[in-house]
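**Student:** Structure below; questions to follow.
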Amino acid sequence: MRGIWLLTALGFGLAAAEDGRDAWLRYARLPSNLIRQADVPSSVISLSTTKTSPVYVAGQEIQKAIQGILGKHVDVAFKSSHNNYNNGHDNNNHNNNNNNNNNNNNNNNNKGASVVVGTVDAFTASGERTNAPKLEEDGFWLDTRGKTVQILGQNERGALYGAFEYLSMLAQGDFRKVAYATNPSAPIRWVNQWDNLEGTIERGYAGLSIFFQNGTTLADTRRVAEYARLLASIRVNGIIVNNVNANAALLSDENMAGLGRIADAMRPWGVRVGISVNFASPQTFGGLPTFDPLDETVVAWWHDTTAKLYRHVPDLAGYTLKANSEGQPGPLTYNRTLAQGANLFARALDPHGGILMFRAFVYDSQNLNENNWKDDRANAAVELVAGLDGEVGDNVVVQVKYGPIDFQVREPASPLFAHLRKTGSAIELQVTQEYLGQQCHLAYLPPLWKTILDFDLRVDGRKSVIGEDILSGKRFGKKLTGYTAVVNVGRNSTWLGTHLAMSNLYAYGRLAWDPKVDEVAVLRDWARLTYGLDRRVIDTITDLSMESWPAYENYTGNLGVQTLTDITYNHYGPNPQSMDNNPWGQWTRADSDSIGMDRTVWNGTGFAGQYPREVAARFESIASTPDELLLWFHHVPYTHVLKSGKTVIQHFYDAHYAGAATAASFPRRWATLRGLVDKERFDDVLFRLEYQAGHAIVWRDSIAQFYHNVSGIADARGRVGRHPWRVEAEDMTLRGYHVTGVNPFEAASGLRIVQTNDNSTAASVETRLAFPSGRYDLAVAYYDLYEGEAHYEVFLNRRSLGSWVGDLEHRLGYTLTRGIDGHSATRVTFKDVRISKGDVLRIETRPNGRETAPLDYIAVLPAGIVD
């Protein structure tokens, strides 16, 4: 445990800093006034003597947690299902009497009582009785009412899940007497890692892989086991450990043995390991002349390879397959159907009980033509993948991204869910924030996910809610359905690169178990488990988090236009023109008069017609399409009037300014928690929120300026392109600097910036300030590039206000850039500076490496002004 709660007059206080590695399983000591209310049994009985059993580790986890949360040692005994556990402790008892200290005096010791954790069958085989109803796979029963706390699972995983549920209650100071059963909404609750064998992680923002390095698996699996523990605590039961753009070398003898070690580390936590496979492996790795799925030698190769892998990993969950998408090989190479390709793997896995997760992310990224009004990437999933329905083995599940394009800030639900009536489906969510700020922007994503999970597809005119009815399998009577999420944890101590981003992983597990759960309640649970019970902390984290996704949508791309990022590069900063004039198909079709994709049946690409009749009719009409999806389904003039009464272009302007203003409030509101959150986590979050506030302004200015230039329509409030509190760097006195443009042009405030004449000579810019005397926040906008750490120092007259280096590539985890663009644009702010009219402001710089100390502007901001 990395932090312990100490007492203050109010019952809360802080001790040592925490690095985030324990996440929501900190088991921090409760305040003494709550500990006195606890009535916890004095021993734990785990109905398993197998040390690799989830029931065994559940017993250990309960002991550890009670020691941490309550400061109370409890004995734990490990019993086989054939022993009556009331007959005393056996030789497997862990007494640790030396640790049984005076902390026990702080608790209401329920002497003779116990916590029993195990399967229902093991419990009843011991001659005991329970009121537990019939449970489904992985379900559990929790009963704290009697002298014996019953934590009973339908299987061993379920018992472990019940233990974590019980401990979550204790950690939140919840000592209610309860008795209830809970079952998962779906059997598949997996995470995907996009880890590469050399140790990098595609779309990962938290350091290198915990699984791989230098072409093979890591020998040290301690972080792997810790990750499995976190996943088990949120009831995730499977993981794909490698990139969907798979490297066939993972199938080497050495790496198969390494996968066995990974599986061994995760098995005690009930997490089954699977892998992504490369369709061309028989040729590229196996030495065959072909990878045709109907070739007998290819079929035999996959059967033999799969059997060999199961010898290393007997409980292998299965394979994930990305085929014929974004350059990946697949059956279409040989004019075979996707179903024939899927069945190749399904048949190889079936004797071993494995599942094939076939990704529906199949589209043509080479030949789509924006000039063809009917071309539409959104149509691809239904057109190409719906044909698998009923044509593949029962162990095939189609893995469907939540929207038709690619993890955008808002998309409609994929219509493919309505077309898969015979074959199982699983939704693919994304915890890693590929298009949503890459963990450098706070974005609590469950409200976005709920727009999909709560959507009613109205298949055949009947209730067909995606989470409750489709993914549960109930609507079409399917057994194999569920959830996947691309997570991409790394070696960073926070797992995802920043503390607050972990709320998304926690909430994913909770929603996969029960898609009807309230996302605010889940968030508050996570906040209490992660930061303690102080209501001010919980309320602030809740408010910031719940405002974060709407704010991000506002300043990055709204009305269904998608995230207006650089889709041809790193998916991070603003670059709206990159959306169009290429075959990637994430088009806005913006011109000087109008914007949006016409996806109607009567005049557009026909995508709306892929939905069941009631939903199709709703999206076919502008009048019945909700404004938040208007530009997804319709091409309209910038002057089109929304239901709000604003024009499209004015909404763009207003939303981008509103989103940036919300982000600007985040650092100030977080700062009120100083002293209530440990310093390490407080400082890290504050740094990132301050960065987000500055980058949100980059987004706001870039998007507003771009569409102002394209449309030629002025902002009714006169904000766009007008910055009265700024001084552009190109208007200052330059020494060792020259003026240059940027690409894209709108990534600079005045469409130009300054950078040093070379990469080694000190330089400076200087200006005399003409603002009225007073106290201001002074912001400096600059660009922080990869492969260089320029030095900056700001002087007011001759007094240094402070200095910094361009080192965000080490402090943040976003995809690195070597360009002066919307990705590298950022700001640093000096608070509450006394400035007199006529003062001289000077910025002295030393370029370094590729970083030529590029500057955009300074902003001299009165209190309450968001530039």
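If you're wondering about the labels, chains in the structure tokens are A, B, ... by order shown, residues count from 1 in each chain, ligands from 1 in order shown.
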Quick one: DSSP helix (DSSP H, G or I) residues in region 210-367 of chain A, as a PyMOL selection string?

**Tutor:** chain A and resi 222-233+248-251+253-269+281-284+296-312+331-334+338-352

**Student:** Could you find all residues in region 625-820 of chain A that DSSP calls strand (DSSP E) from the backbone, and write them as a PyMOL selection string?

**Tutor:** chain A and resi 636-637+726-728+733-735+737-741+752-756+763-768+774-783+791-796+799-805

**Student:** I'd like to know which of A:Gln430, A:Asn183, A:Asn504, A:Asn255 is closest to Arg235 (chain A), using only C-alpha atoms.

**Tutor:**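 Using only C-alpha atoms, the shortest distance to Arg235 (chain A) belongs to A:Asn183.
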
**Student:** Identify, on the basis of only C-alpha atoms, every residue whose closest approach to Gly645 (chain A) does not exceed 12 Å; exclude the query and any residue fewer than 6 positions from it along the same chain; express the result as an mmCIF file with N, CA, C and O atoms, in the first residue's frame.

**Tutor:**
```cif
data_model
loop_
_atom_site.group_PDB
_atom_site.id
_atom_site.type_symbol
_atom_site.label_atom_id
_atom_site.label_comp_id
_atom_site.auth_asym_id
_atom_site.auth_seq_id
_atom_site.Cartn_x
_atom_site.Cartn_y
_atom_site.Cartn_z
ATOM 1 N N ASP A 627 -29.445 17.288 -33.579
ATOM 2 C CA ASP A 627 -28.395 18.226 -34.002
ATOM 3 C C ASP A 627 -26.998 17.661 -33.782
ATOM 4 O O ASP A 627 -26.080 17.918 -34.571
ATOM 5 N N THR A 639 -25.193 28.210 -43.178
ATOM 6 C CA THR A 639 -26.259 29.067 -42.652
ATOM 7 C C THR A 639 -27.496 28.285 -42.238
ATOM 8 O O THR A 639 -28.493 28.885 -41.827
ATOM 9 N N HIS A 651 -22.810 27.999 -34.405
ATOM 10 C CA HIS A 651 -22.685 26.946 -33.395
ATOM 11 C C HIS A 651 -21.238 26.475 -33.319
ATOM 12 O O HIS A 651 -20.720 26.256 -32.206
#
```

**Student:** List as number ranges by chain the protein and nucleic acid residues near region 331-341 of chain A, meaning an atom at most 7 Å away when only C-alpha atoms are counted, but skip any in the same chain fewer than 5 places from it.

**Tutor:** A: 292-293, 324, 388, 391-392
